[in-house]
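Everything below concerns the one structure shown next.
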4 protein chains.
Amino acid sequence: MAARLAESLATTDEFAELFSDESVLQAMLDFEAALARAEASVGIMPQAAAEKIAAAAKAHFFNATAISHDALRAGTAGIPLVKALTERVSASDSAAAAFVHLGATSQDVADTALVLVLKRAQSIFKRDLASLETALHGLAEKHANTVMLGRTLMQVAPPVTFGLKVAGWLGSIQRSHRRLNGSFADALVVQFGGASGTLAALGQQGIVVGHAIAHELGLAYPDAPWHTHRDRLAAMLCDCGVLTGSLGKMARDISLLMQNEIGEVAEPGGTGRGGSSTMPHKHNPIGCSLTLAAAYRVPGLVATFLSGMTQEHERGTGGWQAEWPTVAALVQSTGLAIASMTEVAEGLSVNSEKMRANIEATHGSIFAEKAMMVLGQKLGRDTAHKLLEQATRKSIAENRRLSEVLAEIPEIAACLDAETLQNFEDPGKYLGVADEFRKRLLSTPKPGSPKREASK
Amino acid sequence: MAARLAESLATTDEFAELFSDESVLQAMLDFEAALARAEASVGIMPQAAAEKIAAAAKAHFFNATAISHDALRAGTAGIPLVKALTERVSASDSAAAAFVHLGATSQDVADTALVLVLKRAQSIFKRDLASLETALHGLAEKHANTVMLGRTLMQVAPPVTFGLKVAGWLGSIQRSHRRLNGSFADALVVQFGGASGTLAALGQQGIVVGHAIAHELGLAYPDAPWHTHRDRLAAMLCDCGVLTGSLGKMARDISLLMQNEIGEVAEPGGTGRGGSSTMPHKHNPIGCSLTLAAAYRVPGLVATFLSGMTQEHERGTGGWQAEWPTVAALVQSTGLAIASMTEVAEGLSVNSEKMRANIEATHGSIFAEKAMMVLGQKLGRDTAHKLLEQATRKSIAENRRLSEVLAEIPEIAACLDAETLQNFEDPGKYLGVADEFRKRLLSTPKPGSPKREASK
Amino acid sequence: MAARLAESLATTDEFAELFSDESVLQAMLDFEAALARAEASVGIMPQAAAEKIAAAAKAHFFNATAISHDALRAGTAGIPLVKALTERVSASDSAAAAFVHLGATSQDVADTALVLVLKRAQSIFKRDLASLETALHGLAEKHANTVMLGRTLMQVAPPVTFGLKVAGWLGSIQRSHRRLNGSFADALVVQFGGASGTLAALGQQGIVVGHAIAHELGLAYPDAPWHTHRDRLAAMLCDCGVLTGSLGKMARDISLLMQNEIGEVAEPGGTGRGGSSTMPHKHNPIGCSLTLAAAYRVPGLVATFLSGMTQEHERGTGGWQAEWPTVAALVQSTGLAIASMTEVAEGLSVNSEKMRANIEATHGSIFAEKAMMVLGQKLGRDTAHKLLEQATRKSIAENRRLSEVLAEIPEIAACLDAETLQNFEDPGKYLGVADEFRKRLLSTPKPGSPKREASK
Amino acid sequence: MAARLAESLATTDEFAELFSDESVLQAMLDFEAALARAEASVGIMPQAAAEKIAAAAKAHFFNATAISHDALRAGTAGIPLVKALTERVSASDSAAAAFVHLGATSQDVADTALVLVLKRAQSIFKRDLASLETALHGLAEKHANTVMLGRTLMQVAPPVTFGLKVAGWLGSIQRSHRRLNGSFADALVVQFGGASGTLAALGQQGIVVGHAIAHELGLAYPDAPWHTHRDRLAAMLCDCGVLTGSLGKMARDISLLMQNEIGEVAEPGGTGRGGSSTMPHKHNPIGCSLTLAAAYRVPGLVATFLSGMTQEHERGTGGWQAEWPTVAALVQSTGLAIASMTEVAEGLSVNSEKMRANIEATHGSIFAEKAMMVLGQKLGRDTAHKLLEQATRKSIAENRRLSEVLAEIPEIAACLDAETLQNFEDPGKYLGVADEFRKRLLSTPKPGSPKREASK
């Protein structure tokens with residue numbers, strides 16, 4: 001009863017595996033094993049019992065479908081999982097079985113399992129983000145002087161460089177990467193509180209045991225259990241949402257630039273990538289559309305998580321139960337967007353000639369801003385605006401360069417000498433501080449470099 | 001790589017099966033078989049080829065995981081599915097293979113498959129809603145005279161009947177059921193438009209073939225293809241969202257009434273239901289918490305679908321690709337909420353004595369409204385309000401009935417005779433038109449009764 | 001302390017006025033006046049008192065800012081409004097003052113006021129939708145034969161007609177209009193239930209009074225109060241969301257077609273419309289961007305309303321309090337989207353020459369689908385696909401028509417005679433049943449035509 | 001045409017003022033004045049012109065309603081604002097008028113104005129959060145030993161302390177406060193990029209001017225313009241969303257504890273707070289319901305902002321235009337939630353006797369966990385679970401203490417001596433490490449303390 005196909009555009013294989021039954025089951029069992037070992041280490045249970053429990057805590061011993069079925073009856077997967085583990089331990093050592101899950105509550109196992117899965121997600125994110133950032137850095141350097149149209153409200157505007165455009169994408173991705181480093185560090189904490197979050201069943205040993213579990217699992221130990229305080233997870237998921245939004249912006253730009261009539265960049269093709277079953281000429285922006293799909297999905301998922309935060313007292317009634325599928329979808333969407341944009345960035349073709357040609361096709365109208373500025377100060381803004389608007393229309397209607405048309409208008413010709421007029425026509429001369437901005441964006445220290453993280 | 005466990009609180013087994021690989025794969029193949037037969041029926045392909053294709057169109061012949069993997073490369077599951085089907089047909093009949101998927105586009109198969117799956121979802125919804133409505137109708141009749149506290153802003157208020165409360169739940173559920181009948185009828189239409197939605201590859205035969213496919217699959221035929229017009233699906237999913245909201249309201253009420261300190265109703269227990277791994281006394285509102293979880297999830301999913309509606313030109317770049325997992329989660333959540341509330345309604349225990357006792361515990365303060373009305377007209381609203389507020393506080397502080405306290409206040413005693421005062425204390429006498437409202441809610445014709453549907 | 005400027009891109013003046021203090025205040029007062037008259041009509045209060053109350057119930061007598069301030073303290077605007085009204089009536093007739101708001105609760109006035117405001121919103125929607133539908137109908141007829149590129153995933157595809165494209169927009173808008181007619185009819189019901197929704201304070205007269213209020217206000221009377229059953233409002237707001245999604249799709253298409261490099265359509269300019277402060281050449285898609293902004297905002301607002309539906313018992317704690325600003329924003333966004341697209345549709349320039357030129361620029365690659373079909377059956381799909389892919393690439397690389405390139409490939413030339421090849425090149429011949437679909441879309445009865453509405 | 005009333009439950013007066021026309025207008029004008037002075041400082045315009053512009057840049061000179069109206073035509077408030085300012089300057093000095101807005105684009109003024117408004121919002125947040133944290137800290141210390149029921153899934157559970165509960169609220173609020181400090185610091189950056197984000201109109205002086213504007217306005221200067229890179233704002237708004245979620249959790253808890261049947265805490269009353277127009281006995285949780293309303297609204301608003309992030313090229317078509325009302329609503333909701341919970345925390349009544357009584361009423365069933373643990377190890381888990389379940393049911397049915405019932409069961413009596421049994425009954429002895437967790441939560445350094453911020 002797998003559901004890979006219904007989600008085939010929603011996750012890479014790697015992230016599908018991360019939330020697979022085997023992966024989730026093992027994460028839950030890892031908590032139980034760590035709990036047993038931690039309790040043995042402080043003498044709450046015999047060392048031998050802990051080893052029996054740890055030995056039984058292997059995913060392949062259990063039936064995830066049956067546990068899933070019972071989870072819906074129990075209201076949590078923790079209960080049937082503990083039951084199944086106890087039965088397995090009991091089969092060989094009934095004394096040890098009495099120590100399974102001792103002092104913990106079902107949410108302890110479910111939440112810690114989630115955190116363990118998220119820790120693996122983070123390492124995939126980091127790996128792919130590093131590749132993406134490297135690819136974008138390279139593009140931004142290579143195309144420092146590749147001039148292209150600026151476009152505002154999807155209309156042509158004064159020129160930019162492709163290097164600046166890429167640096168803008170990179171800047172926002174790096175900022176999100178840095179935020180994620182911080183929020184993952186906050187969120188990767190063990191959950192261990194027992195029935196009401198006081199670890200009462202363990203007397204005064206609760207915190208020692210908790211530290212030992214955290215150590216065993218490679219997680220941090222929080223100030224207190226967080227059964228109904230979901231802000232750390234929420235913040236981390238929000239950061240996923242923001243990152244996916246930035247990746248979506250990059251995908252939007254590339255999909256627009258790939259339109260046949262614009263043709264300035266192209267996603268890499270690759271086997272099975274972007275073709276059409278019936279239209280052999282097609283080269284679809286698949287990576288962009290998958291990333292945009294992720295960007296469409298992620299906001300609603302973030303909203304779901306946030307709206308589920310108002311959890312009642314010591315354990316929630318509904319808000320918590322809504323979390324797992326929401327987190328899974330959100331992490332998978334983010335992972336897919338990162339991976340897709342990495343592939344796109346690494347293989348992007350850039351057609352700088354088409355960029356130049358598209359500028360040419362505007363006949364210079366995009367330089368009207370500059371003319372406006374100069375003329376505005378000489379003729380007054382209103383007069384200048386009217387004259388320029390007329391000239392621009394004429395230039396378009398007659399398919400002639402704006403500079404020529406301007407030169408024919410006496411009021412304007414009086415203000416602008418021919419040389420100035422021609423200058424307007426060279427896009428490379430009208431870039432302002434584009435390259436300074438590009439360099440500033442590239443000079444930010446990389447996320448994950450030791451210095452930054454240490455200072456958190 | 002199944003992901004049942006991560007979604008174990010998000011779907012019943014039945015709905016997990018509905019979106020399983022086998023189910024989705026078969027729905028896609030059903031489209032291909034119907035397309036082949038339809039084209040054969042008008043002479044576009046030989047009958048024998050159609051039969052070969054139909055014979056090959058069985059889910060168990062194909063590897064859903066491989067198709068899922070390739071789908072992510074292709075940007076749609078349609079492309080690898082068609083490739084795999086073509087290969088299978090080709091193995092036995094290469095001529096027939098050339099007719100596979102003829103004239104259709106990959107979105108035709110994906111969208112029609114989705115509609116086929118939704119049609120099955122509808123029939124499960126209808127079955128469960130009928131049970132739920134029957135159960136609620138029974139409760140609303142049985143408890144016509146069961147008096148309980150009204151509660152506004154979670155504070156005690158003048159009494160209602162449990163019958164009215166249930167009738168209110170039922171009314172909203174029936175309205176949503178009726179809306180869903182209409183929106184499902186609109187949405188269950190075949191998708192068949194070919195590359196650009198004109199069926200150009202089929203010349204003038206497109207509409208005839210489309211009708212035949214629809215007939216074959218038991219779907220309606222729309223005015224035109226709807227590749228980027230997703231309003232029918234959106235409206236149906238919104239109706240799921242509204243229904244789940246109403247079910248969530250019912251679950252919220254029941255979970256509040258189940259609090260130990262209130263104890264007026266209880267969910268049925270049943271095997272594996274609602275216990276705690278460590279707290280044998282617990283009887284948790286599992287059905288309610290699952291339903292509330294669905295109610296937390298559904299709004300974000302509706303938002304995702306709506307925000308993906310702005311799909312570009314003849315085929316979308318991102319919006320469409322985001323749909324399948326969103327629809328699956330939304331339908332599964334709705335189905336889970338219906339099933340959970342059906343189980344709850346069918347087995348609900350109602351403790352009318354506790355309801356009565358909770359009224360008693362207010363010492364009559366909830367009847368202050370009536371006293372306010374009478375006194376307001378005799379003493380002026382401000383004076384009356386002040387006197388009553390004092391009396392109410394005194395009644396609570398001294399743990400005495402409000403009627404007694406009121407009788408001791410001369411200004412009030414002068415306005416209200418003893419009999420009137422005692423009347424205030426009988427909650428059954430202060431129900432206004434509660435029973436008329438209850439009856440009006442119950443008298444609405446049932447959704448799905450032939451007359452209503454005919455008039456759509 | 002008005003906030004028009006912060007919302008200046010979010011609403012037309014007309015919808016800003018609809019939710020203005022004066023409008024909302026008057027709607028609340030209209031309820032109080034209607035309540036008084038209704039109660040007088042059945043003898044609950046003297047006719048003279050009702051007239052005093054009605055005479056005082058004029059918005060300009062009251063200070064909306066002060067009421068707003070106190071509303072936040074009271075948790076509802078109903079309480080300070082009733083207090084202020086009582087004071088005003090009291091100043092001239094203290095006996096009449098005791099009858100103000102008699103038997104009603106503060107949510108009765110707030111909810112009924114909301115419904116009254118929504119009724120006015122509906123009439124504006126209907127007026128503008130009628131204009132929009134007329135404009136689109138005209139465009140769809142005029143451009144029945146205007147051939148343009150189909151575009152899928154933002155890449156060129158076989159041709160469509162602009163008439164079909166417009167008819168697609170129209171179809172989805174008409175469907176949403178029809179849904180809205182139904183859901184408005186359901187939602188425009190009076191709210192009148194008193195403290196706990198039983199109208200207990202009015203004894204057995206509650207329903208008669210309720211009917212009279214509804215009659216007075218031109219609203220329908222529901223089966224029962226709906227203080228915590230918000231499904232009717234939710235369904236109507238969802239329908240707004242779906243409509244705005246369809247309008248957003250239209251806006252997306254037009255904004256894409258307006259890109260300078262594509263240049264197939266243009267929004268009307270008009271005074272102050274779409275210019276740039278610094279770039280006189282600009283002609284921005286303002287109507288589209290406002291509509292898209294609405295389409296970005298509406299899904300989250302729908303989600304908010306849905307997530308607030310789980311309201312507790314007889315009066316909610318948070319869910320209800322979140323509604324007014326959400327409804328206002330949602331209705332204003334929808335109204336703005338309708339108005340913007342109406343202006344765009346009524347003044348749209350269509351450049352059919354540019355449409356033709358853009359087709360030409362593809363060198364015929366968009367007809368590869370047809371070639372694929374013919375060749376697939378003669379050469380086998382794989383061979384055909386490979387040959388065509390090569391030919392298409394060659395055609396693009398050499399800037400030559402695909403038909404020429406195809407004619408040079410012996411395997412292909414053997415399958416396709418020259419005439420067939422040339423046919424591929426005439427876009428008007430490769431439209432399939434585009435015009436039938438267009439006609440089917442246009443032949444749907446108009447929303448609001450008497451027959452359809454009667455059958456609801 | 002103000003809309004205070006429709007939003008009266010959505011904002012405090014202070015935050016209404018923050019987004020008022022005067023406030024927004026002045027923020028826009030502050031940018032224009034700062035721009036003029038900055039350009040004068042580097043010689044781009046005469047000092048005198050800058051002073052003229054700055055002198056004219058006062059909100060009261062302008063008509064916000066007219067500017068709002070024109071903004072909708074222009075697609076941004078920047079255009080009519082600049083026009084109006086130019087006209088005003090022109091009236092006294094036409095030469096100076098030519099320098100208004102020189103080199104900037106309309107989004108520069110709108111975005112920087114938004115940031116200026118947000119900077120003021122931050123200072124209100126900080127002030128109120130400091131008060132809230134102080135109040136919660138005090139409660140958490142005062143009630144270190146106030147024992148109360150734990151409650152999981154809204155059912156009674158082993159005890160906690162009220163001090164721990166409050167410390168849990170405080171912990172999550174402080175974490176969000178700290179996140180907000182970081183994300184505000186990132187987001188409070190000037191926007192200044194000119195038409196395409198290259199400041200081309202200013203030649204090489206753009207960055208110097210930008211720094212000067214930032215200095216003038218007390219904002220930081222970013223690496224580059226961020227016209228279509230909205231991640232900094234998004235992250236800050238997400239942090240608002242997370243904080244409001246945590247405040248909503250606190251409000252949910254308090255509203256539940258305020259239920260009459262539970263009665264453990266109460267919001268402060270205060271003038272006009274929480275009464276009912278018709279029910280003098282009512283003491284409604286107004287602060288909680290306003291906070292929960294905010295918590296219902298905020299997730300959808302966060303989703304809107306995130307989904308609008310995919311902005312096209314150098315200036316967005318729809319995503320950007322959706323921002324202002326979304327940000328305003330989100331900031332106002334957050335501010336209202338903080339202010340409401342501050343008032344609630346500062347005036348909260350805590351009824352520790354009722355807390356104790358509610359524990360008593362469970363007859364000791366909440367200690368079954370401990371009995372389960374001890375018995376589980378002696379009798380085996382299954383046997384222990386069954387025995388305890390029976391005993392618990394008996395205790396409830398017979399209205400007797402669980403310890404008594406347990407003592408009568410021979411298998412259990414054999415395992416637990418009488419003293420142990422009695423221990424179970426003292427809630428203060430079954431608190432595990434509750435107080436250690438409370439102390440750990442309180443010992444976190446306060447947000448905003450110099451050391452933490454410096455290390456960011």
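Starting from 1 in every chain, residues are counted up; chains themselves are A, B, ... following the order of the structure tokens, and ligands are numbered from 1 as listed.
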Q: May I have the residues within 7 Å of region 258-263 of chain B as an MDAnalysis selection string, using only C-alpha atoms and disregarding those fewer than 6 positions away in the same chain?
A: (chainID B and resid 354) or (chainID D and resid 154:156 261:262)
How close does each residue of chain C get to chain A, giving the shortest atom pair and distance in Å to one decimal for every residue with an atom at most 8 Å away, counting only C-alpha atoms, sorted by chain and residue number, as JSON lines?
{"residue": "C:Leu153", "atom": "CA", "partner": "A:Asn284", "partner_atom": "CA", "distance": 6.3}
{"residue": "C:Met154", "atom": "CA", "partner": "A:Gln259", "partner_atom": "CA", "distance": 5.8}
{"residue": "C:Gln155", "atom": "CA", "partner": "A:Gln259", "partner_atom": "CA", "distance": 5.7}
{"residue": "C:Val156", "atom": "CA", "partner": "A:Asn260", "partner_atom": "CA", "distance": 6.7}
{"residue": "C:Ala157", "atom": "CA", "partner": "A:Met279", "partner_atom": "CA", "distance": 7.8}
{"residue": "C:Ser255", "atom": "CA", "partner": "A:Met154", "partner_atom": "CA", "distance": 7.3}
{"residue": "C:Leu256", "atom": "CA", "partner": "A:Met154", "partner_atom": "CA", "distance": 7.6}
{"residue": "C:Met258", "atom": "CA", "partner": "A:Gln155", "partner_atom": "CA", "distance": 7.9}
{"residue": "C:Gln259", "atom": "CA", "partner": "A:Gln155", "partner_atom": "CA", "distance": 5.7}
{"residue": "C:Asn260", "atom": "CA", "partner": "A:Gln155", "partner_atom": "CA", "distance": 6.1}
{"residue": "C:Glu261", "atom": "CA", "partner": "A:Glu261", "partner_atom": "CA", "distance": 6.0}
{"residue": "C:Ile262", "atom": "CA", "partner": "A:Glu261", "partner_atom": "CA", "distance": 6.3}
{"residue": "C:Thr278", "atom": "CA", "partner": "A:Glu369", "partner_atom": "CA", "distance": 5.4}
{"residue": "C:Met279", "atom": "CA", "partner": "A:Glu369", "partner_atom": "CA", "distance": 4.9}
{"residue": "C:Pro280", "atom": "CA", "partner": "A:Glu389", "partner_atom": "CA", "distance": 5.2}
{"residue": "C:His281", "atom": "CA", "partner": "A:Thr392", "partner_atom": "CA", "distance": 5.8}
{"residue": "C:Lys282", "atom": "CA", "partner": "A:Gln155", "partner_atom": "CA", "distance": 7.1}
{"residue": "C:His283", "atom": "CA", "partner": "A:Gln155", "partner_atom": "CA", "distance": 7.5}
{"residue": "C:Asn284", "atom": "CA", "partner": "A:Leu153", "partner_atom": "CA", "distance": 6.3}
{"residue": "C:Pro285", "atom": "CA", "partner": "A:Leu153", "partner_atom": "CA", "distance": 7.0}
{"residue": "C:Ser289", "atom": "CA", "partner": "A:Leu153", "partner_atom": "CA", "distance": 7.8}
{"residue": "C:Gly300", "atom": "CA", "partner": "A:Gly300", "partner_atom": "CA", "distance": 7.7}
{"residue": "C:Ser307", "atom": "CA", "partner": "A:Ser307", "partner_atom": "CA", "distance": 7.8}
{"residue": "C:Asn358", "atom": "CA", "partner": "A:Glu261", "partner_atom": "CA", "distance": 7.6}
{"residue": "C:Ser365", "atom": "CA", "partner": "A:His281", "partner_atom": "CA", "distance": 6.1}
{"residue": "C:Ile366", "atom": "CA", "partner": "A:His281", "partner_atom": "CA", "distance": 7.2}
{"residue": "C:Ala368", "atom": "CA", "partner": "A:Met279", "partner_atom": "CA", "distance": 6.0}
{"residue": "C:Glu369", "atom": "CA", "partner": "A:Met279", "partner_atom": "CA", "distance": 4.8}
{"residue": "C:Met372", "atom": "CA", "partner": "A:Thr278", "partner_atom": "CA", "distance": 6.8}
{"residue": "C:Met373", "atom": "CA", "partner": "A:Thr278", "partner_atom": "CA", "distance": 7.8}
{"residue": "C:His385", "atom": "CA", "partner": "A:Pro280", "partner_atom": "CA", "distance": 6.2}
{"residue": "C:Leu388", "atom": "CA", "partner": "A:Pro280", "partner_atom": "CA", "distance": 6.3}
{"residue": "C:Glu389", "atom": "CA", "partner": "A:Pro280", "partner_atom": "CA", "distance": 5.2}
{"residue": "C:Thr392", "atom": "CA", "partner": "A:His281", "partner_atom": "CA", "distance": 5.7}
{"residue": "C:Arg393", "atom": "CA", "partner": "A:His281", "partner_atom": "CA", "distance": 7.4}
Q.
Neighbouring residues of region 93-96 of chain C were defined as those with any atom within 10 Å, considering only C-alpha atoms; residues of the same chain fewer than 3 positions away were excluded. Please report them as a count of residues only.
A. 23
Q | Contact residues around region 172-177 of chain C with only C-alpha atoms at 9 Å, ignoring same-chain residues under 2 positions, as a ChimeraX atom specification | A | /B:229-232,235 /C:125-126,129,133,167-170,179-182,239-240,242-244,246-247,444-448
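CA of Arg120 (chain C) to CA of Thr317 (chain C) spans 28.2 Å [interatomic distance, one decimal].
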Q: Give the helix (DSSP H, G or I) residues of region 141-282 of chain B, as assigned by DSSP on the backbone, as a ChimeraX atom specification.
A: /B:141-142,162-187,200-202,206-217,231-257
(Q) Which residues are close to Asp223 (chain C), i.e. within 8 Å by only C-alpha atoms, leaving aside same-chain residues fewer than 6 positions away? Reply as JSON, numbers by chain. (A) {"B": [437, 440, 441]}
Q) Using only C-alpha atoms, which residue out of D:Thr65, D:Ala38, D:Asp13, D:His363 lies closest to Ser395 (chain D)? A) D:His363
Q) For Val374 (chain B), which of C:Leu202, C:Leu336, C:Leu301, C:Leu330 is the closest residue, counting only C-alpha atoms? A) C:Leu202
Q. Among region 37-213 of chain D, which residues carry a DSSP assignment of strand (DSSP E), reported as a PyMOL selection string?
A. chain D and resi 147-152+155-161
May I have the residues within 8 Å of Val327 (chain A) as a PDB file with N, CA, C and O atoms, in the first residue's frame, using only C-alpha atoms and disregarding those fewer than 4 positions away in the same chain?
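Written file, selection_1.pdb:
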ATOM      1  N   LEU A 237      11.029  24.691  10.537  1.00  0.00           N
ATOM      2  CA  LEU A 237      10.187  24.475   9.355  1.00  0.00           C
ATOM      3  C   LEU A 237       9.905  25.786   8.627  1.00  0.00           C
ATOM      4  O   LEU A 237       9.837  25.825   7.395  1.00  0.00           O
ATOM      5  N   LEU A 301       1.825  24.198   4.224  1.00  0.00           N
ATOM      6  CA  LEU A 301       2.331  23.259   5.230  1.00  0.00           C
ATOM      7  C   LEU A 301       2.889  23.999   6.443  1.00  0.00           C
ATOM      8  O   LEU A 301       2.691  23.587   7.586  1.00  0.00           O
ATOM      9  N   PHE A 305       1.510  23.741  10.351  1.00  0.00           N
ATOM     10  CA  PHE A 305       2.307  23.520  11.559  1.00  0.00           C
ATOM     11  C   PHE A 305       2.076  24.645  12.571  1.00  0.00           C
ATOM     12  O   PHE A 305       1.888  24.391  13.766  1.00  0.00           O
ATOM     13  N   GLU A 323       1.162  16.654  13.047  1.00  0.00           N
ATOM     14  CA  GLU A 323       2.524  17.085  12.698  1.00  0.00           C
ATOM     15  C   GLU A 323       3.299  16.185  11.729  1.00  0.00           C
ATOM     16  O   GLU A 323       3.896  16.673  10.768  1.00  0.00           O
ATOM     17  N   VAL A 331       9.625  18.794   4.635  1.00  0.00           N
ATOM     18  CA  VAL A 331      11.040  18.474   4.485  1.00  0.00           C
ATOM     19  C   VAL A 331      11.306  17.881   3.105  1.00  0.00           C
ATOM     20  O   VAL A 331      12.299  18.217   2.438  1.00  0.00           O
TER      21      VAL A 331
END
